[in-house]
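Below is the file run13.pdb, which contains PDB, C-alpha atoms.
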```pdb
MODEL        1
ATOM      1  CA  MET A   1       0.000   0.000   0.000
ATOM      2  CA  GLY A   2       1.446   3.351  -1.065
ATOM      3  CA  LEU A   3       1.420   6.596   0.879
ATOM      4  CA  LEU A   4      -0.747   8.220  -1.814
ATOM      5  CA  ASP A   5      -2.922   5.297  -2.902
ATOM      6  CA  GLY A   6      -6.012   6.525  -4.712
ATOM      7  CA  LYS A   7      -5.022  10.198  -4.574
ATOM      8  CA  ARG A   8      -5.522  12.446  -7.587
ATOM      9  CA  LEU A   9      -2.874  15.142  -7.807
ATOM     10  CA  LEU A  10      -2.197  18.137 -10.016
ATOM     11  CA  VAL A  11       1.505  18.938 -10.337
ATOM     12  CA  THR A  12       2.679  22.206 -11.869
ATOM     13  CA  GLY A  13       6.152  23.373 -12.793
ATOM     14  CA  VAL A  14       7.597  20.377 -14.649
ATOM     15  CA  ILE A  15      10.086  21.632 -17.238
ATOM     16  CA  THR A  16      12.705  18.875 -17.427
ATOM     17  CA  ASP A  17      13.275  15.571 -15.663
ATOM     18  CA  ALA A  18      15.631  17.444 -13.321
ATOM     19  CA  SER A  19      12.735  19.557 -12.003
ATOM     20  CA  LEU A  20      11.750  19.062  -8.383
ATOM     21  CA  ALA A  21       8.166  18.857  -9.630
ATOM     22  CA  PHE A  22       9.062  15.963 -11.949
ATOM     23  CA  HIS A  23      10.566  13.970  -9.086
ATOM     24  CA  ALA A  24       7.609  14.741  -6.843
ATOM     25  CA  ALA A  25       5.270  13.495  -9.589
ATOM     26  CA  LYS A  26       7.399  10.368 -10.082
ATOM     27  CA  ILE A  27       7.441   9.452  -6.393
ATOM     28  CA  ALA A  28       3.742  10.266  -6.080
ATOM     29  CA  GLN A  29       2.973   7.768  -8.840
ATOM     30  CA  GLU A  30       5.209   5.175  -7.207
ATOM     31  CA  GLN A  31       3.176   5.748  -4.030
ATOM     32  CA  GLY A  32      -0.119   5.069  -5.788
ATOM     33  CA  ALA A  33      -1.284   8.503  -6.968
ATOM     34  CA  GLN A  34      -2.863   9.455 -10.275
ATOM     35  CA  VAL A  35      -0.954  12.501 -11.539
ATOM     36  CA  LEU A  36      -1.895  15.256 -13.958
ATOM     37  CA  LEU A  37       0.667  17.848 -15.038
ATOM     38  CA  THR A  38       0.447  21.422 -16.208
ATOM     39  CA  GLY A  39       2.980  23.064 -18.490
ATOM     40  CA  TYR A  40       3.705  26.512 -19.801
ATOM     41  CA  GLY A  41       5.437  27.694 -22.970
ATOM     42  CA  ARG A  42       7.382  24.677 -24.152
ATOM     43  CA  MET A  43       4.436  22.308 -24.151
ATOM     44  CA  ARG A  44       5.998  19.715 -26.462
ATOM     45  CA  LEU A  45       8.969  19.471 -24.113
ATOM     46  CA  VAL A  46       6.717  19.023 -21.068
ATOM     47  CA  GLU A  47       4.694  16.390 -22.932
ATOM     48  CA  ARG A  48       7.894  14.476 -23.736
ATOM     49  CA  ILE A  49       9.031  14.715 -20.118
ATOM     50  CA  ALA A  50       5.621  13.444 -18.977
ATOM     51  CA  GLN A  51       6.293  10.250 -20.942
ATOM     52  CA  ARG A  52       9.304   9.555 -18.692
ATOM     53  CA  LEU A  53       7.183   9.117 -15.592
ATOM     54  CA  PRO A  54       6.403   5.563 -14.453
ATOM     55  CA  ALA A  55       2.917   6.095 -15.941
ATOM     56  CA  PRO A  56       2.775   8.734 -18.708
ATOM     57  CA  ALA A  57       0.730  11.652 -17.390
ATOM     58  CA  PRO A  58      -1.680  13.975 -19.221
ATOM     59  CA  VAL A  59      -0.469  17.562 -19.608
ATOM     60  CA  VAL A  60      -2.691  20.659 -19.614
ATOM     61  CA  GLU A  61      -1.412  24.106 -20.539
ATOM     62  CA  LEU A  62      -1.434  26.689 -17.753
ATOM     63  CA  ASP A  63      -0.027  30.197 -17.572
ATOM     64  CA  VAL A  64      -0.751  31.192 -13.972
ATOM     65  CA  SER A  65      -0.620  34.872 -14.911
ATOM     66  CA  ASP A  66      -3.434  34.423 -17.455
ATOM     67  CA  GLN A  67      -6.807  34.706 -15.703
ATOM     68  CA  ALA A  68      -8.654  33.211 -18.681
ATOM     69  CA  GLN A  69      -6.572  30.035 -18.417
ATOM     70  CA  LEU A  70      -7.178  29.883 -14.675
ATOM     71  CA  ASP A  71     -10.916  30.377 -15.183
ATOM     72  CA  SER A  72     -11.049  27.439 -17.620
ATOM     73  CA  LEU A  73      -8.690  25.162 -15.686
ATOM     74  CA  VAL A  74     -11.323  23.039 -13.924
ATOM     75  CA  GLU A  75     -13.128  22.460 -17.208
ATOM     76  CA  ARG A  76      -9.903  21.493 -18.970
ATOM     77  CA  ILE A  77      -8.564  19.066 -16.368
ATOM     78  CA  SER A  78     -11.850  17.416 -15.346
ATOM     79  CA  PRO A  79     -11.925  15.013 -18.346
ATOM     80  CA  HIS A  80      -8.634  13.549 -17.105
ATOM     81  CA  LEU A  81      -9.985  12.852 -13.605
ATOM     82  CA  GLY A  82     -12.606  10.213 -14.277
ATOM     83  CA  ASP A  83     -16.358  10.042 -13.786
ATOM     84  CA  THR A  84     -16.320  11.928 -10.480
ATOM     85  CA  PRO A  85     -13.827  14.770 -10.989
ATOM     86  CA  GLY A  86     -11.987  15.928  -7.924
ATOM     87  CA  LEU A  87      -8.484  16.551  -6.648
ATOM     88  CA  ASP A  88      -6.834  15.431  -3.432
ATOM     89  CA  GLY A  89      -3.719  17.528  -3.783
ATOM     90  CA  VAL A  90      -1.965  20.271  -5.718
ATOM     91  CA  LEU A  91       1.723  21.076  -6.047
ATOM     92  CA  HIS A  92       2.550  24.669  -6.969
ATOM     93  CA  SER A  93       6.165  24.629  -8.188
ATOM     94  CA  ILE A  94       6.220  27.853 -10.163
ATOM     95  CA  ALA A  95       8.433  30.923  -9.912
ATOM     96  CA  PHE A  96       9.980  33.390 -12.314
ATOM     97  CA  ALA A  97      11.911  36.624 -12.037
ATOM     98  CA  PRO A  98      13.239  38.702 -14.954
ATOM     99  CA  PRO A  99      17.061  38.882 -15.058
ATOM    100  CA  SER A 100      16.987  42.436 -13.689
ATOM    101  CA  CYS A 101      15.657  41.054 -10.384
ATOM    102  CA  LEU A 102      18.603  38.751  -9.644
ATOM    103  CA  GLY A 103      22.302  39.322  -9.071
ATOM    104  CA  GLU A 104      24.602  42.132  -8.004
ATOM    105  CA  GLY A 105      22.812  45.474  -7.823
ATOM    106  CA  ALA A 106      19.441  43.976  -8.661
ATOM    107  CA  PHE A 107      17.678  44.868  -5.452
ATOM    108  CA  MET A 108      18.323  48.585  -5.761
ATOM    109  CA  ASN A 109      17.905  48.833  -9.528
ATOM    110  CA  ALA A 110      15.186  46.435 -10.704
ATOM    111  CA  PRO A 111      12.172  48.310 -12.113
ATOM    112  CA  TRP A 112       8.747  47.824 -10.557
ATOM    113  CA  GLU A 113       7.374  46.190 -13.713
ATOM    114  CA  ASP A 114       9.909  43.353 -13.365
ATOM    115  CA  VAL A 115       9.443  43.086  -9.598
ATOM    116  CA  ALA A 116       5.680  42.902 -10.124
ATOM    117  CA  THR A 117       6.171  40.008 -12.546
ATOM    118  CA  ALA A 118       8.274  38.105 -10.004
ATOM    119  CA  ILE A 119       5.705  38.561  -7.230
ATOM    120  CA  HIS A 120       2.741  37.789  -9.490
ATOM    121  CA  VAL A 121       4.191  34.544 -10.847
ATOM    122  CA  GLY A 122       5.931  33.339  -7.696
ATOM    123  CA  ALA A 123       3.499  34.354  -4.949
ATOM    124  CA  TYR A 124       0.147  35.732  -6.064
ATOM    125  CA  SER A 125      -0.291  32.741  -8.373
ATOM    126  CA  PHE A 126      -0.329  30.432  -5.331
ATOM    127  CA  LYS A 127      -3.591  32.081  -4.331
ATOM    128  CA  SER A 128      -4.835  32.256  -7.944
ATOM    129  CA  LEU A 129      -4.207  28.559  -8.568
ATOM    130  CA  SER A 130      -5.792  27.554  -5.263
ATOM    131  CA  ALA A 131      -8.877  29.669  -5.970
ATOM    132  CA  ALA A 132      -9.214  28.301  -9.505
ATOM    133  CA  LEU A 133      -9.142  24.705  -8.247
ATOM    134  CA  LEU A 134     -11.477  25.113  -5.259
ATOM    135  CA  PRO A 135     -14.410  23.443  -7.072
ATOM    136  CA  LEU A 136     -12.332  20.241  -7.218
ATOM    137  CA  LEU A 137     -10.917  20.366  -3.685
ATOM    138  CA  GLY A 138     -12.672  19.044  -0.606
ATOM    139  CA  PRO A 139     -12.049  18.110   3.012
ATOM    140  CA  GLY A 140      -8.640  16.499   3.423
ATOM    141  CA  SER A 141      -7.141  18.064   0.317
ATOM    142  CA  SER A 142      -3.568  19.344   0.506
ATOM    143  CA  ILE A 143      -2.133  22.324  -1.369
ATOM    144  CA  VAL A 144       1.664  22.476  -1.345
ATOM    145  CA  GLY A 145       4.010  25.174  -2.631
ATOM    146  CA  MET A 146       7.748  25.003  -3.238
ATOM    147  CA  ASP A 147       9.740  27.507  -1.216
ATOM    148  CA  PHE A 148      13.287  28.607  -0.501
ATOM    149  CA  ASP A 149      13.381  29.820   3.102
ATOM    150  CA  ASN A 150      13.646  33.597   2.921
ATOM    151  CA  ARG A 151      13.607  34.602   6.558
ATOM    152  CA  GLN A 152      17.001  36.141   5.875
ATOM    153  CA  ALA A 153      18.588  37.910   2.909
ATOM    154  CA  TRP A 154      20.614  35.768   0.501
ATOM    155  CA  PRO A 155      23.393  36.752  -1.898
ATOM    156  CA  ALA A 156      22.083  37.441  -5.422
ATOM    157  CA  TYR A 157      18.556  36.165  -4.680
ATOM    158  CA  ASP A 158      17.224  39.701  -4.296
ATOM    159  CA  TRP A 159      13.651  40.192  -5.606
ATOM    160  CA  MET A 160      13.132  36.449  -5.989
ATOM    161  CA  GLY A 161      13.762  36.314  -2.260
ATOM    162  CA  VAL A 162      11.159  39.002  -1.657
ATOM    163  CA  SER A 163       8.773  36.973  -3.811
ATOM    164  CA  LYS A 164       9.413  33.928  -1.613
ATOM    165  CA  SER A 165       8.744  35.958   1.527
ATOM    166  CA  THR A 166       5.465  37.035  -0.045
ATOM    167  CA  LEU A 167       4.683  33.405  -0.866
ATOM    168  CA  GLU A 168       5.233  32.490   2.771
ATOM    169  CA  SER A 169       2.734  35.129   3.877
ATOM    170  CA  VAL A 170       0.219  34.119   1.193
ATOM    171  CA  THR A 171       0.418  30.564   2.541
ATOM    172  CA  ARG A 172      -0.606  31.655   6.026
ATOM    173  CA  TYR A 173      -3.606  33.617   4.743
ATOM    174  CA  LEU A 174      -4.670  30.769   2.459
ATOM    175  CA  ALA A 175      -4.425  28.383   5.403
ATOM    176  CA  ARG A 176      -6.668  30.747   7.386
ATOM    177  CA  ASP A 177      -9.305  31.018   4.663
ATOM    178  CA  LEU A 178      -9.299  27.384   3.495
ATOM    179  CA  GLY A 179      -9.025  25.773   6.920
ATOM    180  CA  PRO A 180     -12.806  25.886   7.504
ATOM    181  CA  ARG A 181     -13.124  23.751   4.355
ATOM    182  CA  GLN A 182     -10.600  21.298   5.894
ATOM    183  CA  ILE A 183      -8.102  22.058   3.126
ATOM    184  CA  ARG A 184      -4.462  22.216   4.235
ATOM    185  CA  VAL A 185      -1.995  24.718   2.740
ATOM    186  CA  ASN A 186       1.746  24.350   3.340
ATOM    187  CA  LEU A 187       5.155  25.034   1.843
ATOM    188  CA  VAL A 188       8.154  22.754   1.478
ATOM    189  CA  ALA A 189      11.278  24.879   1.923
ATOM    190  CA  ALA A 190      13.976  23.029  -0.012
ATOM    191  CA  GLY A 191      17.707  23.332   0.153
ATOM    192  CA  PRO A 192      19.500  24.160  -3.113
ATOM    193  CA  VAL A 193      19.131  21.538  -5.839
ATOM    194  CA  LYS A 194      20.643  21.771  -9.326
ATOM    195  CA  THR A 195      17.590  22.406 -11.469
ATOM    196  CA  MET A 196      17.022  24.637 -14.486
ATOM    197  CA  ALA A 197      15.579  27.265 -12.149
ATOM    198  CA  ALA A 198      18.675  27.135  -9.941
ATOM    199  CA  ARG A 199      20.964  27.652 -12.916
ATOM    200  CA  SER A 200      19.245  30.981 -13.598
ATOM    201  CA  ILE A 201      20.356  32.329 -10.203
ATOM    202  CA  PRO A 202      23.673  34.229 -10.406
ATOM    203  CA  GLY A 203      26.119  32.943  -7.817
ATOM    204  CA  PHE A 204      24.241  29.683  -7.188
ATOM    205  CA  ALA A 205      27.600  28.047  -6.433
ATOM    206  CA  ALA A 206      27.760  30.050  -3.207
ATOM    207  CA  PHE A 207      24.687  28.165  -1.965
ATOM    208  CA  GLU A 208      26.236  24.836  -2.940
ATOM    209  CA  ASP A 209      29.483  25.612  -1.134
ATOM    210  CA  ALA A 210      27.790  26.683   2.100
ATOM    211  CA  TRP A 211      25.102  24.045   2.410
ATOM    212  CA  ASP A 212      26.910  20.756   2.760
ATOM    213  CA  GLY A 213      29.332  22.020   5.388
ATOM    214  CA  ARG A 214      26.620  23.496   7.585
ATOM    215  CA  ALA A 215      23.623  21.155   7.221
ATOM    216  CA  PRO A 216      23.792  18.586  10.070
ATOM    217  CA  LEU A 217      22.501  15.811   7.799
ATOM    218  CA  GLY A 218      24.719  16.878   4.913
ATOM    219  CA  TRP A 219      23.372  17.963   1.548
ATOM    220  CA  ASP A 220      23.706  16.721  -2.032
ATOM    221  CA  VAL A 221      22.735  19.423  -4.547
ATOM    222  CA  THR A 222      22.460  16.785  -7.274
ATOM    223  CA  ASP A 223      19.815  14.700  -5.473
ATOM    224  CA  PRO A 224      16.207  15.970  -5.705
ATOM    225  CA  VAL A 225      14.683  12.817  -4.207
ATOM    226  CA  PRO A 226      14.702  13.815  -0.498
ATOM    227  CA  VAL A 227      12.838  17.032  -1.295
ATOM    228  CA  ALA A 228      10.389  15.186  -3.547
ATOM    229  CA  LYS A 229       9.693  12.654  -0.793
ATOM    230  CA  THR A 230       8.965  15.483   1.627
ATOM    231  CA  VAL A 231       6.492  16.991  -0.852
ATOM    232  CA  CYS A 232       4.711  13.653  -1.138
ATOM    233  CA  ALA A 233       4.545  13.320   2.646
ATOM    234  CA  VAL A 234       2.883  16.748   2.917
ATOM    235  CA  LEU A 235       0.452  15.830   0.132
ATOM    236  CA  SER A 236      -0.496  12.645   1.984
ATOM    237  CA  ASP A 237      -2.958  12.157   4.841
ATOM    238  CA  TRP A 238      -0.143  11.790   7.373
ATOM    239  CA  LEU A 239       0.012  15.473   8.349
ATOM    240  CA  PRO A 240      -3.712  15.978   8.964
ATOM    241  CA  VAL A 241      -3.456  19.003  11.286
ATOM    242  CA  THR A 242      -0.474  20.751   9.696
ATOM    243  CA  THR A 243      -1.358  23.910   7.777
ATOM    244  CA  GLY A 244       0.105  27.361   7.242
ATOM    245  CA  SER A 245       3.551  25.856   7.777
ATOM    246  CA  MET A 246       6.972  25.786   6.148
ATOM    247  CA  VAL A 247       8.150  22.188   6.219
ATOM    248  CA  MET A 248      11.932  22.246   5.989
ATOM    249  CA  ALA A 249      13.662  19.873   3.579
ATOM    250  CA  ASP A 250      17.154  21.333   3.814
ATOM    251  CA  GLY A 251      19.259  18.851   5.804
ATOM    252  CA  GLY A 252      18.817  21.026   8.915
ATOM    253  CA  PHE A 253      20.717  24.002   7.461
ATOM    254  CA  HIS A 254      18.098  26.445   8.789
ATOM    255  CA  ALA A 255      18.733  25.362  12.382
ATOM    256  CA  ILE A 256      22.487  25.962  12.490
ATOM    257  CA  GLY A 257      24.243  29.322  12.870
ATOM    258  CA  VAL A 258      27.578  30.160  11.275
TER
ENDMDL
END
```
Hey, can you dump this file as structure tokens for me?
Amino acid sequence: MGLLDGKRLLVTGVITDASLAFHAAKIAQEQGAQVLLTGYGRMRLVERIAQRLPAPAPVVELDVSDQAQLDSLVERISPHLGDTPGLDGVLHSIAFAPPSCLGEGAFMNAPWEDVATAIHVGAYSFKSLSAALLPLLGPGSSIVGMDFDNRQAWPAYDWMGVSKSTLESVTRYLARDLGPRQIRVNLVAAGPVKTMAARSIPGFAAFEDAWDGRAPLGWDVTDPVPVAKTVCAVLSDWLPVTTGSMVMADGGFHAIGV
């Protein structure tokens, strides 16, 4: 019996088979879940990647900054969910910041238009996606977002970091508003993993160098599986009274001072 037997999950943010979302989808399937993916932009690539899962998954296009696509999302995914459409869990693994928002000098110089894009895609969309899917979510459902702990300032992360702080606040308010429906809302705050998104961060090597020496459990930036397993645990029924939380999947780095 798998941890996610019988669960129907929507997983966003798969770009390549190195994506954290891909590994979360893979482990979820291995644990008994039915998985549906969303993709944006390079749909043929996402569709090819979906074929590499243990069970090839359907892919639906979704630009989380396009309200029309959000408004039609339930209608577009319902045919893939069987005779009684519904979802048991959602993984939001989406973030984007224009180049002006990252790197040396970015915080002081990035224009509002670019900052607004980063916050819209990385934080506001967590609320937008949750609201769009509410007709399919019921008691016991779990909404999970991918986070990078931003309770402190990081080198080069700049406005993406501010976006993550906003995401953390959005999570708490979503947990407040969806709790009466018995829907849980949490974040998994991952340590640095070599994904396509990570490669877009100037100075990512500084994170790699610091993490393994400080995390009590050690850290392998090439291994996405521990983070993906944590995501699946939070999507499961085994954290029934956990909501509004950041679940750390960082080897304990957050707990140790310099």
Which residue gives the smallest distance to Ala24 (chain A) among A:Val247, A:Ala131, A:Val185, A:Leu53, with all atoms listed in the file counted?
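Of all the options, A:Leu53 lies closest to Ala24 (chain A).
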Selection near Asp114 (chain A), 6 Å with all atoms listed in the file, sequence-local residues under 3 positions removed, as an NGL selection string
:A and (98 or 111 or 117)
Point-to-point distance in Å for CA of Phe207 (chain A) and CA of Ile256 (chain A):
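Between CA of Ile256 (chain A) and CA of Phe207 (chain A) the gap works out to 14.8 Å.
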Near region 149-159 of chain A, counting all atoms listed in the file, which residues have an atom at most 6 Å away, once you skip same-chain residues fewer than 4 positions from it, shown as a PDB file with C-alpha atoms, in the coordinates of the input?
```pdb
ATOM      1  CA  CYS A 101      15.657  41.054 -10.384  1.00  0.00           C
ATOM      2  CA  LEU A 102      18.603  38.751  -9.644  1.00  0.00           C
ATOM      3  CA  GLY A 103      22.302  39.322  -9.071  1.00  0.00           C
ATOM      4  CA  GLU A 104      24.602  42.132  -8.004  1.00  0.00           C
ATOM      5  CA  PHE A 107      17.678  44.868  -5.452  1.00  0.00           C
ATOM      6  CA  SER A 165       8.744  35.958   1.527  1.00  0.00           C
ATOM      7  CA  ALA A 189      11.278  24.879   1.923  1.00  0.00           C
TER       8      ALA A 189
END
```
Counting all atoms listed in the file, which of A:Val64, A:Leu81, A:Val193, A:Val14 gets nearest to Arg48 (chain A)?
A:Val14
How far is it from CA of Ala249 (chain A) to CA of Ala132 (chain A), in Å with one decimal?
27.7 Å
Got a sec to resolve the PyMOL selection byres ((chain A and resi 215) around 12) on this structure and send the residues as a PyMOL selection string?
chain A and resi 191-192+207-214+216-221+248-258
Residues returned when the PyMOL selection byres ((chain A and resi 37) around 8) runs on this file, as a PyMOL selection string
chain A and resi 10-12+14+35-36+38-39+50+57-60
So that I can see what lies close to Asp63 (chain A), please list as a ChimeraX atom specification the residues with an atom at most 8 Å from it, counting only C-alpha atoms and leaving out residues fewer than 3 positions away in the same chain.
/A:39-40,66,69-70
For a quick check of your reading of the model, name the residues lying within 12 Å of the coordinate (-3.8, 24.5, 5.1), counting all atoms listed in the file, and write them as a VMD selection string.
chain A and resid 89 to 90 130 138 to 145 170 to 187 234 to 235 239 to 246
Extending 3 Å beyond the listed atoms of region 169-186 of chain A on each side, what axis-aligned box results? I want centre and edge lengths in Å to one decimal, as lines of an AutoDock Vina configuration file.
```
center_x = -5.2
center_y = 28.2
center_z = 4.3
size_x = 21.9
size_y = 19.8
size_z = 12.3
```
Do a neighbour search on His120 (chain A) at 10 Å with all atoms listed in the file, toss out local chain neighbours closer than 6 positions, and write the hits as JSON, numbers by chain.
{"A": [64, 65, 95, 96, 97, 114, 126, 127, 128, 163, 166, 167]}
Could you check the closest approach to Lys164 (chain A) for each of A:Leu133, A:Ala228, A:Ala33, A:Ile94 and tell me which residue wins, using all atoms listed in the file?
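Nearest to Lys164 (chain A): A:Ile94.
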